[in-house]
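Enquirer: What follows is query-v9.tsv, made up of TSV, N, CA and C atoms:
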```
chain	number	residue	atom	x	y	z
A	1	MET	N	5.61	-11.54	39.09
A	1	MET	CA	4.22	-11.10	39.21
A	1	MET	C	4.10	-9.60	38.96
A	2	PHE	N	5.06	-8.83	39.52
A	2	PHE	CA	5.04	-7.38	39.36
A	2	PHE	C	5.13	-7.00	37.88
A	3	ILE	N	6.01	-7.68	37.14
A	3	ILE	CA	6.20	-7.37	35.72
A	3	ILE	C	4.91	-7.65	34.96
A	4	PHE	N	4.23	-8.76	35.27
A	4	PHE	CA	2.98	-9.09	34.60
A	4	PHE	C	1.91	-8.03	34.87
A	5	LYS	N	1.78	-7.60	36.12
A	5	LYS	CA	0.78	-6.57	36.45
A	5	LYS	C	1.11	-5.25	35.76
A	6	ARG	N	2.38	-4.93	35.71
A	6	ARG	CA	2.80	-3.69	35.03
A	6	ARG	C	2.45	-3.77	33.54
A	7	LEU	N	2.73	-4.91	32.94
A	7	LEU	CA	2.42	-5.09	31.52
A	7	LEU	C	0.91	-5.02	31.30
A	8	GLN	N	0.12	-5.63	32.19
A	8	GLN	CA	-1.35	-5.56	32.08
A	8	GLN	C	-1.82	-4.11	32.14
A	9	ALA	N	-1.28	-3.33	33.05
A	9	ALA	CA	-1.68	-1.93	33.19
A	9	ALA	C	-1.32	-1.15	31.93
A	10	GLN	N	-0.15	-1.44	31.37
A	10	GLN	CA	0.26	-0.73	30.16
A	10	GLN	C	-0.60	-1.13	28.96
A	11	MET	N	-1.00	-2.39	28.91
A	11	MET	CA	-1.78	-2.87	27.78
A	11	MET	C	-3.20	-2.31	27.82
A	12	SER	N	-3.62	-1.78	28.96
A	12	SER	CA	-4.97	-1.21	29.03
A	12	SER	C	-5.05	0.11	28.26
A	13	LYS	N	-3.90	0.66	27.91
A	13	LYS	CA	-3.92	1.84	27.05
A	13	LYS	C	-4.49	1.43	25.70
A	14	THR	N	-5.14	2.35	25.06
A	14	THR	CA	-5.80	2.02	23.80
A	14	THR	C	-4.93	2.36	22.61
A	15	VAL	N	-4.69	1.36	21.79
A	15	VAL	CA	-4.00	1.56	20.52
A	15	VAL	C	-5.09	1.81	19.48
A	16	GLN	N	-4.92	2.89	18.73
A	16	GLN	CA	-5.87	3.22	17.67
A	16	GLN	C	-5.17	3.07	16.32
A	17	VAL	N	-5.89	2.50	15.37
A	17	VAL	CA	-5.37	2.35	14.02
A	17	VAL	C	-6.35	3.03	13.08
A	18	TYR	N	-5.88	4.07	12.41
A	18	TYR	CA	-6.70	4.74	11.40
A	18	TYR	C	-6.61	3.93	10.11
A	19	ILE	N	-7.78	3.56	9.58
A	19	ILE	CA	-7.87	2.77	8.36
A	19	ILE	C	-8.87	3.42	7.42
A	20	CYS	N	-9.00	2.85	6.22
A	20	CYS	CA	-10.05	3.27	5.29
A	20	CYS	C	-10.65	2.02	4.67
A	21	ASN	N	-11.90	1.73	5.04
A	21	ASN	CA	-12.55	0.51	4.56
A	21	ASN	C	-12.99	0.56	3.10
A	22	VAL	N	-12.96	1.73	2.48
A	22	VAL	CA	-13.43	1.82	1.10
A	22	VAL	C	-12.32	2.23	0.13
A	23	THR	N	-11.09	1.96	0.48
A	23	THR	CA	-9.99	2.34	-0.39
A	23	THR	C	-9.90	1.44	-1.62
A	24	PRO	N	-9.67	2.02	-2.79
A	24	PRO	CA	-9.48	1.20	-3.99
A	24	PRO	C	-8.07	0.62	-4.07
A	25	SER	N	-7.19	1.07	-3.17
A	25	SER	CA	-5.79	0.64	-3.22
A	25	SER	C	-5.60	-0.73	-2.58
A	26	ARG	N	-5.17	-1.67	-3.37
A	26	ARG	CA	-4.88	-3.02	-2.87
A	26	ARG	C	-3.73	-2.97	-1.86
A	27	ASN	N	-2.77	-2.11	-2.09
A	27	ASN	CA	-1.62	-1.97	-1.20
A	27	ASN	C	-2.06	-1.50	0.20
A	28	ILE	N	-2.91	-0.49	0.24
A	28	ILE	CA	-3.39	0.02	1.53
A	28	ILE	C	-4.22	-1.05	2.24
A	29	ARG	N	-5.09	-1.74	1.52
A	29	ARG	CA	-5.88	-2.82	2.14
A	29	ARG	C	-4.99	-3.90	2.72
A	30	SER	N	-3.93	-4.24	2.00
A	30	SER	CA	-3.00	-5.26	2.46
A	30	SER	C	-2.25	-4.81	3.72
A	31	MET	N	-1.82	-3.55	3.74
A	31	MET	CA	-1.11	-3.02	4.91
A	31	MET	C	-2.04	-2.97	6.12
A	32	GLN	N	-3.28	-2.55	5.92
A	32	GLN	CA	-4.25	-2.50	7.02
A	32	GLN	C	-4.49	-3.89	7.60
A	33	ALA	N	-4.62	-4.88	6.73
A	33	ALA	CA	-4.84	-6.26	7.18
A	33	ALA	C	-3.64	-6.77	7.96
A	34	GLU	N	-2.45	-6.43	7.51
A	34	GLU	CA	-1.23	-6.88	8.20
A	34	GLU	C	-1.11	-6.23	9.58
A	35	VAL	N	-1.45	-4.96	9.69
A	35	VAL	CA	-1.39	-4.28	10.99
A	35	VAL	C	-2.35	-4.96	11.97
A	36	THR	N	-3.58	-5.20	11.55
A	36	THR	CA	-4.53	-5.84	12.46
A	36	THR	C	-4.10	-7.27	12.78
A	37	ARG	N	-3.53	-7.98	11.83
A	37	ARG	CA	-3.04	-9.33	12.09
A	37	ARG	C	-1.94	-9.33	13.14
A	38	ILE	N	-1.00	-8.41	13.02
A	38	ILE	CA	0.11	-8.31	13.99
A	38	ILE	C	-0.44	-8.01	15.38
A	39	LEU	N	-1.34	-7.05	15.48
A	39	LEU	CA	-1.89	-6.68	16.78
A	39	LEU	C	-2.70	-7.82	17.39
A	40	GLU	N	-3.51	-8.48	16.59
A	40	GLU	CA	-4.31	-9.60	17.08
A	40	GLU	C	-3.42	-10.77	17.52
A	41	ALA	N	-2.40	-11.08	16.71
A	41	ALA	CA	-1.49	-12.18	17.04
A	41	ALA	C	-0.71	-11.88	18.32
A	42	SER	N	-0.45	-10.62	18.58
A	42	SER	CA	0.28	-10.21	19.78
A	42	SER	C	-0.65	-9.97	20.96
A	43	LYS	N	-1.95	-10.19	20.74
A	43	LYS	CA	-2.98	-10.00	21.78
A	43	LYS	C	-2.96	-8.59	22.36
A	44	ILE	N	-2.79	-7.63	21.47
A	44	ILE	CA	-2.79	-6.22	21.85
A	44	ILE	C	-4.15	-5.64	21.48
A	45	PRO	N	-4.90	-5.15	22.48
A	45	PRO	CA	-6.21	-4.57	22.17
A	45	PRO	C	-6.05	-3.29	21.35
A	46	PHE	N	-6.94	-3.12	20.38
A	46	PHE	CA	-6.86	-1.93	19.54
A	46	PHE	C	-8.25	-1.54	19.07
A	47	GLU	N	-8.32	-0.31	18.61
A	47	GLU	CA	-9.57	0.25	18.08
A	47	GLU	C	-9.30	0.69	16.65
A	48	LEU	N	-10.17	0.30	15.74
A	48	LEU	CA	-10.06	0.74	14.35
A	48	LEU	C	-10.89	2.00	14.17
A	49	ILE	N	-10.30	3.00	13.54
A	49	ILE	CA	-11.01	4.24	13.24
A	49	ILE	C	-11.04	4.37	11.72
A	50	ASP	N	-12.21	4.25	11.13
A	50	ASP	CA	-12.38	4.28	9.69
A	50	ASP	C	-12.54	5.72	9.22
A	51	ILE	N	-11.56	6.21	8.49
A	51	ILE	CA	-11.61	7.61	8.04
A	51	ILE	C	-12.72	7.85	7.04
A	52	ALA	N	-13.26	6.77	6.45
A	52	ALA	CA	-14.37	6.92	5.50
A	52	ALA	C	-15.70	7.14	6.20
A	53	SER	N	-15.73	6.95	7.52
A	53	SER	CA	-17.00	7.06	8.24
A	53	SER	C	-17.31	8.47	8.72
A	54	GLY	N	-16.39	9.39	8.54
A	54	GLY	CA	-16.64	10.77	8.95
A	54	GLY	C	-15.78	11.74	8.16
A	55	GLU	N	-16.36	12.86	7.82
A	55	GLU	CA	-15.67	13.83	6.96
A	55	GLU	C	-14.38	14.38	7.57
A	56	THR	N	-14.35	14.50	8.86
A	56	THR	CA	-13.19	15.15	9.49
A	56	THR	C	-12.11	14.17	9.93
A	57	LEU	N	-12.36	12.86	9.83
A	57	LEU	CA	-11.40	11.90	10.35
A	57	LEU	C	-10.09	11.86	9.56
A	58	LEU	N	-10.14	12.07	8.25
A	58	LEU	CA	-8.91	12.11	7.45
A	58	LEU	C	-8.05	13.30	7.88
A	59	GLU	N	-8.69	14.47	8.03
A	59	GLU	CA	-7.94	15.66	8.47
A	59	GLU	C	-7.39	15.46	9.88
A	60	GLU	N	-8.20	14.83	10.75
A	60	GLU	CA	-7.76	14.56	12.13
A	60	GLU	C	-6.52	13.66	12.12
A	61	MET	N	-6.54	12.59	11.33
A	61	MET	CA	-5.41	11.67	11.24
A	61	MET	C	-4.17	12.40	10.74
A	62	ARG	N	-4.34	13.17	9.69
A	62	ARG	CA	-3.19	13.89	9.12
A	62	ARG	C	-2.66	14.94	10.08
A	63	SER	N	-3.53	15.60	10.80
A	63	SER	CA	-3.11	16.58	11.79
A	63	SER	C	-2.31	15.92	12.90
A	64	LYS	N	-2.80	14.77	13.38
A	64	LYS	CA	-2.11	14.07	14.47
A	64	LYS	C	-0.74	13.53	14.05
A	65	THR	N	-0.59	13.19	12.77
A	65	THR	CA	0.70	12.69	12.28
A	65	THR	C	1.64	13.82	11.88
A	66	SER	N	1.11	15.03	11.82
A	66	SER	CA	1.87	16.20	11.32
A	66	SER	C	2.34	15.97	9.89
A	67	ASN	N	1.53	15.25	9.11
A	67	ASN	CA	1.85	14.97	7.72
A	67	ASN	C	0.59	15.18	6.89
A	68	PRO	N	0.55	16.25	6.09
A	68	PRO	CA	-0.66	16.57	5.33
A	68	PRO	C	-1.00	15.57	4.22
A	69	THR	N	-0.09	14.63	3.93
A	69	THR	CA	-0.37	13.64	2.89
A	69	THR	C	-0.40	12.21	3.44
A	70	ALA	N	-0.46	12.06	4.75
A	70	ALA	CA	-0.46	10.72	5.37
A	70	ALA	C	-1.65	9.90	4.90
A	71	LEU	N	-1.38	8.63	4.65
A	71	LEU	CA	-2.42	7.68	4.26
A	71	LEU	C	-2.51	6.58	5.31
A	72	PRO	N	-3.67	5.95	5.43
A	72	PRO	CA	-3.80	4.86	6.38
A	72	PRO	C	-2.99	3.64	5.90
A	73	PRO	N	-2.64	2.77	6.81
A	73	PRO	CA	-2.91	2.78	8.24
A	73	PRO	C	-1.91	3.63	9.01
A	74	GLN	N	-2.39	4.34	10.02
A	74	GLN	CA	-1.57	5.13	10.94
A	74	GLN	C	-1.89	4.66	12.35
A	75	ILE	N	-0.87	4.53	13.18
A	75	ILE	CA	-1.04	3.91	14.50
A	75	ILE	C	-0.74	4.90	15.61
A	76	PHE	N	-1.63	4.91	16.61
A	76	PHE	CA	-1.52	5.81	17.76
A	76	PHE	C	-1.72	5.03	19.05
A	77	ASN	N	-1.22	5.58	20.13
A	77	ASN	CA	-1.52	5.07	21.46
A	77	ASN	C	-2.02	6.25	22.28
A	78	ASN	N	-3.31	6.25	22.58
A	78	ASN	CA	-3.92	7.36	23.33
A	78	ASN	C	-3.52	8.72	22.75
A	79	ASP	N	-3.72	8.88	21.46
A	79	ASP	CA	-3.44	10.12	20.74
A	79	ASP	C	-1.96	10.45	20.59
A	80	VAL	N	-1.07	9.56	21.01
A	80	VAL	CA	0.37	9.74	20.78
A	80	VAL	C	0.70	8.97	19.51
A	81	TYR	N	1.27	9.66	18.54
A	81	TYR	CA	1.57	9.03	17.26
A	81	TYR	C	2.71	8.03	17.41
A	82	CYS	N	2.47	6.80	16.97
A	82	CYS	CA	3.50	5.76	17.01
A	82	CYS	C	4.19	5.62	15.66
A	83	GLY	N	3.41	5.63	14.58
A	83	GLY	CA	4.00	5.51	13.25
A	83	GLY	C	3.03	4.90	12.26
A	84	ASP	N	3.57	4.51	11.12
A	84	ASP	CA	2.76	3.94	10.05
A	84	ASP	C	3.04	2.45	9.90
A	85	TYR	N	2.53	1.86	8.85
A	85	TYR	CA	2.70	0.43	8.61
A	85	TYR	C	4.18	0.04	8.55
A	86	TYR	N	4.97	0.81	7.82
A	86	TYR	CA	6.38	0.46	7.62
A	86	TYR	C	7.14	0.47	8.95
A	87	GLN	N	6.86	1.45	9.79
A	87	GLN	CA	7.52	1.53	11.09
A	87	GLN	C	7.06	0.39	12.01
A	88	LEU	N	5.77	0.05	11.96
A	88	LEU	CA	5.26	-1.08	12.74
A	88	LEU	C	5.92	-2.38	12.28
A	89	HIS	N	6.00	-2.58	10.98
A	89	HIS	CA	6.61	-3.79	10.43
A	89	HIS	C	8.07	-3.91	10.87
A	90	GLU	N	8.81	-2.82	10.79
A	90	GLU	CA	10.22	-2.82	11.21
A	90	GLU	C	10.35	-3.14	12.69
A	91	ALA	N	9.50	-2.53	13.52
A	91	ALA	CA	9.54	-2.78	14.95
A	91	ALA	C	9.22	-4.25	15.25
A	92	THR	N	8.27	-4.81	14.53
A	92	THR	CA	7.91	-6.21	14.72
A	92	THR	C	9.08	-7.12	14.35
A	93	GLU	N	9.70	-6.84	13.23
A	93	GLU	CA	10.84	-7.64	12.78
A	93	GLU	C	12.01	-7.57	13.77
A	94	ASN	N	12.17	-6.43	14.44
A	94	ASN	CA	13.26	-6.23	15.39
A	94	ASN	C	12.90	-6.62	16.82
A	95	GLY	N	11.69	-7.16	17.01
A	95	GLY	CA	11.25	-7.56	18.35
A	95	GLY	C	11.00	-6.38	19.27
A	96	GLU	N	10.61	-5.24	18.71
A	96	GLU	CA	10.41	-4.01	19.47
A	96	GLU	C	8.97	-3.49	19.37
A	97	LEU	N	8.02	-4.40	19.19
A	97	LEU	CA	6.63	-3.98	18.99
A	97	LEU	C	6.09	-3.21	20.18
A	98	LEU	N	6.30	-3.72	21.39
A	98	LEU	CA	5.76	-3.03	22.57
A	98	LEU	C	6.36	-1.65	22.75
A	99	GLN	N	7.65	-1.51	22.47
A	99	GLN	CA	8.29	-0.18	22.56
A	99	GLN	C	7.71	0.75	21.49
A	100	PHE	N	7.52	0.22	20.28
A	100	PHE	CA	6.95	1.03	19.20
A	100	PHE	C	5.56	1.55	19.58
A	101	LEU	N	4.76	0.67	20.19
A	101	LEU	CA	3.40	1.05	20.58
A	101	LEU	C	3.33	1.80	21.89
A	102	ARG	N	4.48	2.01	22.51
A	102	ARG	CA	4.58	2.71	23.80
A	102	ARG	C	3.76	2.01	24.89
A	103	LEU	N	3.90	0.68	24.91
A	103	LEU	CA	3.22	-0.14	25.91
A	103	LEU	C	4.23	-0.63	26.93
```
Rewrite the coordinates I just gave you, this time as structure tokens.
Expert:
Amino acid sequence: MFIFKRLQAQMSKTVQVYICNVTPSRNIRSMQAEVTRILEASKIPFELIDIASGETLLEEMRSKTSNPTALPPQIFNNDVYCGDYYQLHEATENGELLQFLRL
């Protein structure tokens, strides 16, 4: 019971995924869809932040990742950078999704 309550408390942290809904890149759209599919299948609550909806969101995402050329999707937990699509995919394949998301 204690482990379940602890996991519930940790899952209440907000995972944010920076995306771009108007990207012409099929690859980026595919990666964004896969990230949301993984999170939904794992029943992990998340918030999508569309960088196309505000002028400063792209700069904000790049600043938070410390990478001036970062592209979506980028994943955070309460403003703590977790990684990008490739890192999420690797963590999922290795059974380390919760550790990757810092949950």
Enquirer: Just how far from CA of Arg37 (chain A) is atom N of Gly54 (chain A), in Å to one decimal?
Expert: 23.3 Å
Enquirer: Hey, can you check how far atom N of Phe76 (chain A) sits from atom C of Val17 (chain A)?
Expert: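 Separation of atom N of Phe76 (chain A) and atom C of Val17 (chain A): 6.2 Å.
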Enquirer: Can you pull out the residues contacting Glu47 (chain A)? Cut-off 7 Å, using all atoms listed in the file, and skip same-chain residues under 5 positions away; I want them as JSON, numbers by chain.
Expert: {"A": [14, 15, 16, 17, 18]}
Enquirer: Select from region 18-98 of chain A everything DSSP, run on the backbone, classes as helix (DSSP H, G or I), then give the selection as a PyMOL selection string.
Expert: chain A and resi 26-41+51-53+57-65+85-93+97-98
Enquirer: If we count only C-alpha atoms, what is near Tyr81 (chain A) at a cut-off of 8 Å, once residues fewer than 5 positions away on the same chain are taken out, given as a list of chain:residue names?
Expert: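 That gives A:Lys64, A:Thr65, A:Ile75, A:Phe76.
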Enquirer: What gap, in Å, lies between CA of Gln32 (chain A) and CA of Ile19 (chain A)?
Expert: 6.5 Å
Enquirer: I'd like to know which of A:Leu58, A:Leu88, A:Leu39, A:Ala52 is closest to Leu71 (chain A), using only C-alpha atoms.
Expert: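 Of all the options, A:Leu58 lies closest to Leu71 (chain A).
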Enquirer: Quick check for you: according to DSSP on this backbone, which residues of chain A are classed as strand (DSSP E)? Reply as a ChimeraX atom specification.
Expert: /A:15-19,46-50,74-77,80-84
Enquirer: Between A:Ala41, A:Leu103, A:Ala33, A:Ile51, which is the closest to Asn77 (chain A) once you count all atoms listed in the file?
Expert: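 Once distances to Asn77 (chain A) are computed over all atoms listed in the file, the minimum belongs to A:Leu103.
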